[in-house]
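S.K.: Got a structure here, written out as structure tokens. Questions coming.
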Amino acid sequence: MSLPLFLVFACLLVAAALGVILQRHPLRSALALVATLFLLAVVFLFLDAQLVAVLQIIVYAGAIMVLFLFVIMLLNLQSEPREAGRVGLKLAATLAGSLLALQLIALSRAPVAIPGAGTAGAVAEGFGMTVSVGERLFTQYLLPFEITSVLLLVAIIGAVVLAKRQVS
Amino acid sequence: MPLSYYLALSALLFAIGAAGVLIRRNVIVIFMAIELMLNAVNLAFVAGARHWHNLDGQVIVFFVMTVAAAEAAVGLAIIIAMFRNRQTLNADELNLLRW
């Protein structure tokens with residue numbers, strides 16, 4: 001992935017992410033989040049993570065965002081009124097966010113010292129495809145994989161119990 | 001492309017998500033900001049997997065996505081229950097657990 005292309009997608013990603021937190025209508029936030037997820041899927045493709053990119057679109061942009069949109073529509077949310085007297089809070093949050101970003105970026109540019117670390121270059125045939133990731137998932141990570149099914153089952157039951165209308 | 005570029009982008013996305021949790025009062029938008037942070041972490045994992053030619057990072061992304069899906073399902077159910085009882089989604093007005 002060439003540098004100009006990366007910069008274009010990085011700028012688009014940051015803009016879409018800012019849209020998520022700056023839009024006043026929750027529906028527009030959700031649409032900005034969908035854009036963010038799609039752009040991130042493209043970045044995953046450039047990183048040779050084909051399966052992850054497809055999962056990103058199917059699971060995140062498909063399933064999770066539909067859930068978000070459904071709840072937003074169901075609750076019939078309106079734009080938040082612009083509140084006075086919250087300027088201090090917003091300033092503090094911007095400052096805290098910038099500090100966190102600076103700190104993390106500084107950390108990410110620190111030299112990495114891990115023995116046997118390969119540098120970027122051509123990856124092996126099939127890297128990031130369904131076969132290789134699935135093989136890893138079903139051999140080395142079989143137990144965690146099975147546990148995720150229990151987690152999802154618990155989440156489903158919990159969601160049904162919580163959202164069920166109280167019978168009086 | 002050096003790894004640090006991707007990590008910097010991931011850091012920026014994570015910081016935007018964290019700031020979103022701080023400034024927004026609508027719980028649904030706070031939820032979306034949390035998803036943003038989870039995605040930033042995914043990007044770091046995938047970039048690491050590419051850099052070290054190791055698929056473990058991509059497998060972890062799979063687990064993060066599962067947790068995000070479970071969290072979204074339960075969290076949105078909580079939001080619906082909350083809205084039904086209190087008629088509000090403002091995080092400032094929900095002080096049932098405050099003492």
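Residue numbering restarts at 1 for every chain of the structure tokens, chains are lettered A, B, ... in their displayed order, and ligands are numbered from 1 as they appear.
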Near Glu93 (chain B), within 10 Å and counting only C-alpha atoms, which residues show up once chain neighbours fewer than 5 positions away are dropped, as a PyMOL selection string?

M.R.: chain B and resi 25+86+88

S.K.: Take the residues from that selection and put them in a file with N, CA, C and O atoms, as a JSON list (two decimals), in the first residue's frame.

M.R.:
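The result, written out as again-v2.json:
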```
[["chain", "number", "residue", "atom", "x", "y", "z"],
["B", 25, "ARG", "N", -23.66, 12.80, 25.65],
["B", 25, "ARG", "CA", -24.51, 12.39, 26.76],
["B", 25, "ARG", "C", -25.56, 11.37, 26.33],
["B", 25, "ARG", "O", -26.23, 10.79, 27.16],
["B", 86, "ARG", "N", -37.61, 5.19, 31.91],
["B", 86, "ARG", "CA", -37.28, 6.56, 32.26],
["B", 86, "ARG", "C", -37.59, 7.57, 31.17],
["B", 86, "ARG", "O", -37.48, 8.77, 31.39],
["B", 88, "THR", "N", -35.82, 8.50, 28.77],
["B", 88, "THR", "CA", -34.69, 9.35, 28.44],
["B", 88, "THR", "C", -33.49, 8.50, 28.07],
["B", 88, "THR", "O", -33.39, 7.35, 28.47]]
```

S.K.: Show me a table, sorted first by chain and then by increasing residue number, of the residues of region 20-82 of chain B having an atom at most 10 Å from region 6-29 of chain A, each with its shortest atom pair and the distance in Å to one decimal, counting only C-alpha atoms and written as CSV.

M.R.:
```
residue,atom,partner,partner_atom,distance
B:Gly20,CA,A:Ile21,CA,5.1
B:Val21,CA,A:Ile21,CA,8.4
B:Leu22,CA,A:Ile21,CA,9.9
B:Ile23,CA,A:Ile21,CA,8.2
B:Arg24,CA,A:Ile21,CA,7.2
B:Asn26,CA,A:Pro26,CA,8.1
B:Val27,CA,A:Pro26,CA,9.8
B:Ile28,CA,A:Pro26,CA,7.3
B:Val29,CA,A:Pro26,CA,6.3
B:Ile30,CA,A:Ile21,CA,8.3
B:Met32,CA,A:Val20,CA,7.5
B:Ala33,CA,A:Ile21,CA,6.9
B:Leu36,CA,A:Ala17,CA,7.4
```

S.K.: Which value, in Å to one decimal, gives the distance between CA of Ala77 (chain B) and CA of Ile60 (chain B)?

M.R.: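 We find that CA of Ala77 (chain B) and CA of Ile60 (chain B) lie 25.9 Å from each other.
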
S.K.: Write out as a ChimeraX atom specification which residues come within 7 Å of Ala11 (chain B) when counting only C-alpha atoms, dropping same-chain ones fewer than 6 positions away.

M.R.: /A:101,104-105 /B:40

S.K.: Enumerate as a short mmCIF file (atom, residue, chain, number, x, y, z; two decimals) with all heavy atoms, in the first residue's frame the residues belonging to chain B that approach chain A to within 7 Å, with only C-alpha atoms taken into account.

M.R.:
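Final file, part07.cif:
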```cif
data_model
loop_
_atom_site.label_atom_id
_atom_site.label_comp_id
_atom_site.auth_asym_id
_atom_site.auth_seq_id
_atom_site.Cartn_x
_atom_site.Cartn_y
_atom_site.Cartn_z
N MET B 1 5.29 0.27 3.84
CA MET B 1 4.58 1.05 4.87
C MET B 1 5.02 0.59 6.25
O MET B 1 4.80 -0.55 6.61
CB MET B 1 3.08 0.86 4.72
CG MET B 1 2.49 1.61 3.53
SD MET B 1 2.58 3.37 3.70
CE MET B 1 1.70 3.60 5.23
N SER B 4 4.46 1.72 12.26
CA SER B 4 4.09 2.82 13.14
C SER B 4 3.00 3.70 12.52
O SER B 4 2.22 4.31 13.25
CB SER B 4 5.32 3.67 13.47
OG SER B 4 5.89 4.16 12.29
N LEU B 7 -0.18 2.09 13.46
CA LEU B 7 -0.42 2.23 14.90
C LEU B 7 -0.83 3.65 15.24
O LEU B 7 -1.68 3.87 16.11
CB LEU B 7 0.83 1.82 15.68
CG LEU B 7 1.18 0.34 15.62
CD1 LEU B 7 2.38 0.03 16.50
CD2 LEU B 7 0.00 -0.50 16.04
N ALA B 8 -0.25 4.63 14.53
CA ALA B 8 -0.63 6.03 14.78
C ALA B 8 -2.09 6.26 14.38
O ALA B 8 -2.85 6.90 15.11
CB ALA B 8 0.29 6.96 14.00
N LEU B 9 -2.49 5.69 13.23
CA LEU B 9 -3.89 5.82 12.81
C LEU B 9 -4.81 5.16 13.84
O LEU B 9 -5.84 5.72 14.22
CB LEU B 9 -4.07 5.17 11.44
CG LEU B 9 -5.48 5.16 10.88
CD1 LEU B 9 -6.00 6.57 10.72
CD2 LEU B 9 -5.54 4.43 9.55
N ALA B 11 -4.17 4.76 16.99
CA ALA B 11 -4.18 5.61 18.19
C ALA B 11 -5.14 6.78 18.02
O ALA B 11 -5.89 7.12 18.94
CB ALA B 11 -2.77 6.11 18.46
N LEU B 12 -5.12 7.39 16.83
CA LEU B 12 -6.03 8.52 16.58
C LEU B 12 -7.48 8.08 16.70
O LEU B 12 -8.30 8.74 17.36
CB LEU B 12 -5.79 9.06 15.17
CG LEU B 12 -4.93 10.30 15.05
CD1 LEU B 12 -4.74 10.67 13.59
CD2 LEU B 12 -5.59 11.44 15.80
N LEU B 13 -7.81 6.94 16.08
CA LEU B 13 -9.19 6.46 16.15
C LEU B 13 -9.59 6.17 17.59
O LEU B 13 -10.69 6.49 18.02
CB LEU B 13 -9.34 5.19 15.31
CG LEU B 13 -9.37 5.36 13.80
CD1 LEU B 13 -9.52 4.03 13.12
CD2 LEU B 13 -10.50 6.28 13.40
N ALA B 15 -8.39 7.53 20.30
CA ALA B 15 -8.56 8.78 21.04
C ALA B 15 -9.88 9.44 20.69
O ALA B 15 -10.56 10.01 21.56
CB ALA B 15 -7.38 9.71 20.75
N ILE B 16 -10.27 9.39 19.40
CA ILE B 16 -11.55 9.96 19.01
C ILE B 16 -12.68 9.24 19.74
O ILE B 16 -13.62 9.87 20.25
CB ILE B 16 -11.73 9.88 17.48
CG1 ILE B 16 -10.74 10.81 16.78
CG2 ILE B 16 -13.15 10.24 17.09
CD1 ILE B 16 -10.74 10.69 15.28
N ALA B 18 -12.50 7.66 22.62
CA ALA B 18 -12.47 8.01 24.05
C ALA B 18 -13.06 9.39 24.28
O ALA B 18 -13.84 9.61 25.22
CB ALA B 18 -11.02 7.95 24.55
N ALA B 19 -12.72 10.35 23.39
CA ALA B 19 -13.28 11.70 23.52
C ALA B 19 -14.80 11.66 23.33
O ALA B 19 -15.53 12.38 24.01
CB ALA B 19 -12.64 12.63 22.49
N GLY B 20 -15.26 10.80 22.42
CA GLY B 20 -16.70 10.68 22.21
C GLY B 20 -17.42 10.20 23.46
O GLY B 20 -18.50 10.70 23.80
N LEU B 22 -16.50 10.81 26.39
CA LEU B 22 -16.48 11.89 27.37
C LEU B 22 -17.47 13.00 27.04
O LEU B 22 -18.12 13.54 27.94
CB LEU B 22 -15.07 12.48 27.46
CG LEU B 22 -14.03 11.58 28.11
CD1 LEU B 22 -12.67 12.25 28.06
CD2 LEU B 22 -14.40 11.28 29.55
N ILE B 23 -17.59 13.39 25.75
CA ILE B 23 -18.38 14.59 25.47
C ILE B 23 -19.85 14.29 25.21
O ILE B 23 -20.69 15.17 25.38
CB ILE B 23 -17.81 15.41 24.29
CG1 ILE B 23 -17.72 14.56 23.03
CG2 ILE B 23 -16.50 16.01 24.62
CD1 ILE B 23 -17.33 15.38 21.81
N VAL B 29 -24.94 7.03 21.35
CA VAL B 29 -23.74 7.56 20.73
C VAL B 29 -22.50 7.15 21.53
O VAL B 29 -21.44 6.87 20.96
CB VAL B 29 -23.84 9.08 20.58
CG1 VAL B 29 -22.62 9.63 19.87
CG2 VAL B 29 -25.08 9.44 19.78
N ALA B 33 -19.21 5.18 20.16
CA ALA B 33 -17.83 5.58 20.41
C ALA B 33 -17.03 4.38 20.95
O ALA B 33 -15.86 4.21 20.63
CB ALA B 33 -17.78 6.74 21.41
N ALA B 47 -2.54 -4.80 11.85
CA ALA B 47 -1.25 -4.25 11.41
C ALA B 47 -0.10 -5.07 12.00
O ALA B 47 0.88 -5.37 11.31
CB ALA B 47 -1.14 -2.78 11.81
N ARG B 50 0.27 -8.35 10.15
CA ARG B 50 0.95 -8.17 8.86
C ARG B 50 2.44 -7.95 9.05
O ARG B 50 3.26 -8.47 8.30
CB ARG B 50 0.31 -6.98 8.13
CG ARG B 50 0.95 -6.59 6.83
CD ARG B 50 0.71 -7.65 5.78
NE ARG B 50 1.31 -7.29 4.49
CZ ARG B 50 2.60 -7.36 4.22
NH1 ARG B 50 3.43 -7.77 5.15
NH2 ARG B 50 3.06 -7.02 3.04
N HIS B 51 2.77 -7.19 10.09
CA HIS B 51 4.17 -6.84 10.30
C HIS B 51 5.01 -8.04 10.70
O HIS B 51 6.13 -8.21 10.23
CB HIS B 51 4.26 -5.76 11.38
CG HIS B 51 5.63 -5.20 11.57
ND1 HIS B 51 6.21 -4.34 10.67
CD2 HIS B 51 6.56 -5.40 12.53
CE1 HIS B 51 7.43 -4.02 11.09
NE2 HIS B 51 7.66 -4.65 12.20
N TRP B 52 4.47 -8.87 11.57
CA TRP B 52 5.24 -10.01 12.07
C TRP B 52 4.92 -11.32 11.35
O TRP B 52 5.33 -12.38 11.79
CB TRP B 52 5.05 -10.15 13.58
CG TRP B 52 5.83 -9.13 14.32
CD1 TRP B 52 7.19 -9.04 14.36
CD2 TRP B 52 5.34 -8.05 15.11
NE1 TRP B 52 7.57 -7.96 15.12
CE2 TRP B 52 6.46 -7.34 15.59
CE3 TRP B 52 4.06 -7.61 15.46
CZ2 TRP B 52 6.34 -6.22 16.40
CZ3 TRP B 52 3.95 -6.50 16.26
CH2 TRP B 52 5.07 -5.81 16.72
N HIS B 53 4.11 -11.21 10.28
CA HIS B 53 3.75 -12.40 9.50
C HIS B 53 3.19 -13.50 10.39
O HIS B 53 3.58 -14.65 10.30
CB HIS B 53 4.96 -12.92 8.72
CG HIS B 53 5.44 -11.95 7.70
ND1 HIS B 53 6.11 -12.33 6.57
CD2 HIS B 53 5.35 -10.63 7.62
CE1 HIS B 53 6.42 -11.26 5.85
NE2 HIS B 53 5.97 -10.21 6.49
N LEU B 55 -0.45 -14.97 12.11
CA LEU B 55 -1.91 -14.87 11.97
C LEU B 55 -2.62 -14.72 13.31
O LEU B 55 -3.83 -14.50 13.33
CB LEU B 55 -2.45 -16.11 11.25
CG LEU B 55 -2.36 -16.05 9.73
CD1 LEU B 55 -2.79 -17.33 9.12
CD2 LEU B 55 -3.24 -14.92 9.22
N GLN B 58 -4.90 -11.72 13.63
CA GLN B 58 -6.19 -11.76 12.94
C GLN B 58 -7.20 -12.63 13.67
O GLN B 58 -8.40 -12.37 13.64
CB GLN B 58 -5.99 -12.25 11.51
CG GLN B 58 -5.13 -11.30 10.71
CD GLN B 58 -5.13 -11.63 9.25
OE1 GLN B 58 -5.90 -12.45 8.79
NE2 GLN B 58 -4.24 -10.99 8.52
N VAL B 59 -6.70 -13.69 14.35
CA VAL B 59 -7.61 -14.53 15.12
C VAL B 59 -8.18 -13.74 16.30
O VAL B 59 -9.37 -13.83 16.62
CB VAL B 59 -6.89 -15.80 15.60
CG1 VAL B 59 -7.79 -16.62 16.49
CG2 VAL B 59 -6.44 -16.62 14.41
N THR B 66 -16.56 -10.77 18.18
CA THR B 66 -17.59 -11.52 18.90
C THR B 66 -18.01 -10.78 20.17
O THR B 66 -19.20 -10.65 20.46
CB THR B 66 -17.06 -12.91 19.28
OG1 THR B 66 -16.35 -13.45 18.19
CG2 THR B 66 -18.18 -13.82 19.69
N ALA B 69 -20.10 -7.82 19.31
CA ALA B 69 -21.47 -8.19 18.96
C ALA B 69 -22.29 -8.49 20.20
O ALA B 69 -23.43 -8.01 20.36
CB ALA B 69 -21.46 -9.39 18.02
N ALA B 70 -21.71 -9.26 21.14
CA ALA B 70 -22.42 -9.58 22.38
C ALA B 70 -22.71 -8.32 23.17
O ALA B 70 -23.82 -8.12 23.69
CB ALA B 70 -21.58 -10.55 23.20
N ALA B 72 -22.99 -5.27 22.02
CA ALA B 72 -24.02 -4.45 21.37
C ALA B 72 -25.41 -5.00 21.65
O ALA B 72 -26.34 -4.25 21.96
CB ALA B 72 -23.76 -4.40 19.86
N ALA B 73 -25.55 -6.34 21.59
CA ALA B 73 -26.87 -6.94 21.81
C ALA B 73 -27.37 -6.64 23.22
O ALA B 73 -28.48 -6.15 23.42
CB ALA B 73 -26.80 -8.44 21.57
N VAL B 74 -26.52 -6.93 24.23
CA VAL B 74 -26.95 -6.72 25.61
C VAL B 74 -27.12 -5.24 25.91
O VAL B 74 -28.11 -4.82 26.52
CB VAL B 74 -25.92 -7.35 26.58
CG1 VAL B 74 -26.28 -7.04 28.01
CG2 VAL B 74 -25.86 -8.85 26.37
N ALA B 77 -30.27 -3.82 24.45
CA ALA B 77 -31.43 -4.28 25.22
C ALA B 77 -31.57 -3.47 26.50
O ALA B 77 -32.68 -3.07 26.89
CB ALA B 77 -31.29 -5.76 25.55
N ILE B 78 -30.42 -3.20 27.15
CA ILE B 78 -30.46 -2.37 28.37
C ILE B 78 -30.99 -0.98 28.03
O ILE B 78 -31.80 -0.41 28.76
CB ILE B 78 -29.05 -2.28 29.00
CG1 ILE B 78 -28.64 -3.62 29.56
CG2 ILE B 78 -29.01 -1.22 30.08
CD1 ILE B 78 -27.24 -3.64 30.12
N ILE B 80 -33.02 -0.12 25.61
CA ILE B 80 -34.47 -0.17 25.37
C ILE B 80 -35.22 -0.23 26.70
O ILE B 80 -36.20 0.50 26.91
CB ILE B 80 -34.82 -1.37 24.48
CG1 ILE B 80 -34.30 -1.13 23.07
CG2 ILE B 80 -36.31 -1.60 24.45
CD1 ILE B 80 -34.60 -2.25 22.12
N ALA B 81 -34.74 -1.09 27.62
CA ALA B 81 -35.40 -1.20 28.93
C ALA B 81 -35.36 0.11 29.68
O ALA B 81 -36.34 0.55 30.30
CB ALA B 81 -34.73 -2.31 29.73
#
```

S.K.: What does the structure give for the distance between CA of Ala91 (chain B) and CA of Leu38 (chain B), in Å to one decimal?

M.R.: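 Going from CA of Ala91 (chain B) over to CA of Leu38 (chain B) covers 20.9 Å.
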
S.K.: As a ChimeraX atom specification, list the residues of chain B assigned to helix (DSSP H, G or I) by DSSP on the backbone atoms of this structure.

M.R.: /B:3-23,27-52,56-86

S.K.: Keeping only C-alpha atoms, take the residues you just selected and write them out as a PDB file, in the first residue's frame.

M.R.:
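Result file follows (again.pdb):
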```pdb
ATOM      1  CA  LEU B   3       4.027  -0.430  11.191  1.00  0.00           C
ATOM      2  CA  SER B   4       4.092   2.822  13.145  1.00  0.00           C
ATOM      3  CA  TYR B   5       1.876   4.576  10.562  1.00  0.00           C
ATOM      4  CA  TYR B   6      -0.903   2.082  11.135  1.00  0.00           C
ATOM      5  CA  LEU B   7      -0.419   2.228  14.901  1.00  0.00           C
ATOM      6  CA  ALA B   8      -0.630   6.029  14.779  1.00  0.00           C
ATOM      7  CA  LEU B   9      -3.888   5.825  12.814  1.00  0.00           C
ATOM      8  CA  SER B  10      -5.178   3.295  15.332  1.00  0.00           C
ATOM      9  CA  ALA B  11      -4.178   5.609  18.186  1.00  0.00           C
ATOM     10  CA  LEU B  12      -6.027   8.520  16.575  1.00  0.00           C
ATOM     11  CA  LEU B  13      -9.192   6.456  16.145  1.00  0.00           C
ATOM     12  CA  PHE B  14      -8.967   5.238  19.735  1.00  0.00           C
ATOM     13  CA  ALA B  15      -8.556   8.779  21.044  1.00  0.00           C
ATOM     14  CA  ILE B  16     -11.551   9.965  19.009  1.00  0.00           C
ATOM     15  CA  GLY B  17     -13.618   7.150  20.520  1.00  0.00           C
ATOM     16  CA  ALA B  18     -12.465   8.008  24.048  1.00  0.00           C
ATOM     17  CA  ALA B  19     -13.281  11.698  23.517  1.00  0.00           C
ATOM     18  CA  GLY B  20     -16.701  10.676  22.211  1.00  0.00           C
ATOM     19  CA  VAL B  21     -17.439   8.776  25.409  1.00  0.00           C
ATOM     20  CA  LEU B  22     -16.481  11.886  27.369  1.00  0.00           C
ATOM     21  CA  ILE B  23     -18.382  14.587  25.473  1.00  0.00           C
ATOM     22  CA  VAL B  27     -26.001   6.583  25.579  1.00  0.00           C
ATOM     23  CA  ILE B  28     -26.424   5.220  22.046  1.00  0.00           C
ATOM     24  CA  VAL B  29     -23.738   7.564  20.727  1.00  0.00           C
ATOM     25  CA  ILE B  30     -21.527   6.610  23.686  1.00  0.00           C
ATOM     26  CA  PHE B  31     -22.004   3.015  22.558  1.00  0.00           C
ATOM     27  CA  MET B  32     -20.932   3.881  19.028  1.00  0.00           C
ATOM     28  CA  ALA B  33     -17.826   5.576  20.414  1.00  0.00           C
ATOM     29  CA  ILE B  34     -17.008   2.342  22.259  1.00  0.00           C
ATOM     30  CA  GLU B  35     -17.354   0.447  18.974  1.00  0.00           C
ATOM     31  CA  LEU B  36     -14.949   2.972  17.489  1.00  0.00           C
ATOM     32  CA  MET B  37     -12.386   2.154  20.172  1.00  0.00           C
ATOM     33  CA  LEU B  38     -12.801  -1.585  19.593  1.00  0.00           C
ATOM     34  CA  ASN B  39     -12.216  -1.025  15.875  1.00  0.00           C
ATOM     35  CA  ALA B  40      -9.082   0.988  16.569  1.00  0.00           C
ATOM     36  CA  VAL B  41      -7.721  -1.939  18.581  1.00  0.00           C
ATOM     37  CA  ASN B  42      -8.615  -4.305  15.714  1.00  0.00           C
ATOM     38  CA  LEU B  43      -6.594  -2.155  13.330  1.00  0.00           C
ATOM     39  CA  ALA B  44      -3.572  -2.380  15.635  1.00  0.00           C
ATOM     40  CA  PHE B  45      -3.926  -6.178  15.793  1.00  0.00           C
ATOM     41  CA  VAL B  46      -4.207  -6.569  12.017  1.00  0.00           C
ATOM     42  CA  ALA B  47      -1.250  -4.254  11.408  1.00  0.00           C
ATOM     43  CA  GLY B  48       0.800  -6.271  13.892  1.00  0.00           C
ATOM     44  CA  ALA B  49      -0.230  -9.529  12.223  1.00  0.00           C
ATOM     45  CA  ARG B  50       0.948  -8.170   8.859  1.00  0.00           C
ATOM     46  CA  HIS B  51       4.172  -6.837  10.301  1.00  0.00           C
ATOM     47  CA  TRP B  52       5.239 -10.010  12.069  1.00  0.00           C
ATOM     48  CA  ASP B  56      -2.566 -14.753  15.732  1.00  0.00           C
ATOM     49  CA  GLY B  57      -3.436 -11.059  15.438  1.00  0.00           C
ATOM     50  CA  GLN B  58      -6.191 -11.755  12.940  1.00  0.00           C
ATOM     51  CA  VAL B  59      -7.614 -14.529  15.120  1.00  0.00           C
ATOM     52  CA  ILE B  60      -7.773 -12.105  18.056  1.00  0.00           C
ATOM     53  CA  VAL B  61      -9.721  -9.679  15.838  1.00  0.00           C
ATOM     54  CA  PHE B  62     -12.288 -12.428  15.387  1.00  0.00           C
ATOM     55  CA  PHE B  63     -12.707 -12.674  19.167  1.00  0.00           C
ATOM     56  CA  VAL B  64     -12.895  -8.901  19.576  1.00  0.00           C
ATOM     57  CA  MET B  65     -15.701  -8.815  17.010  1.00  0.00           C
ATOM     58  CA  THR B  66     -17.591 -11.521  18.902  1.00  0.00           C
ATOM     59  CA  VAL B  67     -17.307  -9.583  22.144  1.00  0.00           C
ATOM     60  CA  ALA B  68     -18.428  -6.402  20.351  1.00  0.00           C
ATOM     61  CA  ALA B  69     -21.472  -8.185  18.959  1.00  0.00           C
ATOM     62  CA  ALA B  70     -22.417  -9.581  22.378  1.00  0.00           C
ATOM     63  CA  GLU B  71     -21.867  -6.194  23.987  1.00  0.00           C
ATOM     64  CA  ALA B  72     -24.016  -4.451  21.367  1.00  0.00           C
ATOM     65  CA  ALA B  73     -26.870  -6.939  21.812  1.00  0.00           C
ATOM     66  CA  VAL B  74     -26.946  -6.724  25.614  1.00  0.00           C
ATOM     67  CA  GLY B  75     -26.235  -2.992  25.721  1.00  0.00           C
ATOM     68  CA  LEU B  76     -28.991  -2.092  23.267  1.00  0.00           C
ATOM     69  CA  ALA B  77     -31.432  -4.280  25.223  1.00  0.00           C
ATOM     70  CA  ILE B  78     -30.456  -2.370  28.367  1.00  0.00           C
ATOM     71  CA  ILE B  79     -30.985   0.914  26.491  1.00  0.00           C
ATOM     72  CA  ILE B  80     -34.467  -0.166  25.374  1.00  0.00           C
ATOM     73  CA  ALA B  81     -35.399  -1.203  28.925  1.00  0.00           C
ATOM     74  CA  MET B  82     -34.010   2.058  30.246  1.00  0.00           C
ATOM     75  CA  PHE B  83     -35.899   4.171  27.742  1.00  0.00           C
ATOM     76  CA  ARG B  84     -39.101   2.323  28.556  1.00  0.00           C
ATOM     77  CA  ASN B  85     -38.776   3.077  32.266  1.00  0.00           C
ATOM     78  CA  ARG B  86     -37.282   6.564  32.261  1.00  0.00           C
TER      79      ARG B  86
END
```

S.K.: What does the structure give for the distance between CA of Ile57 (chain A) and CA of Val131 (chain A), in Å to one decimal?

M.R.: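 Separation of CA of Ile57 (chain A) and CA of Val131 (chain A): 18.7 Å.
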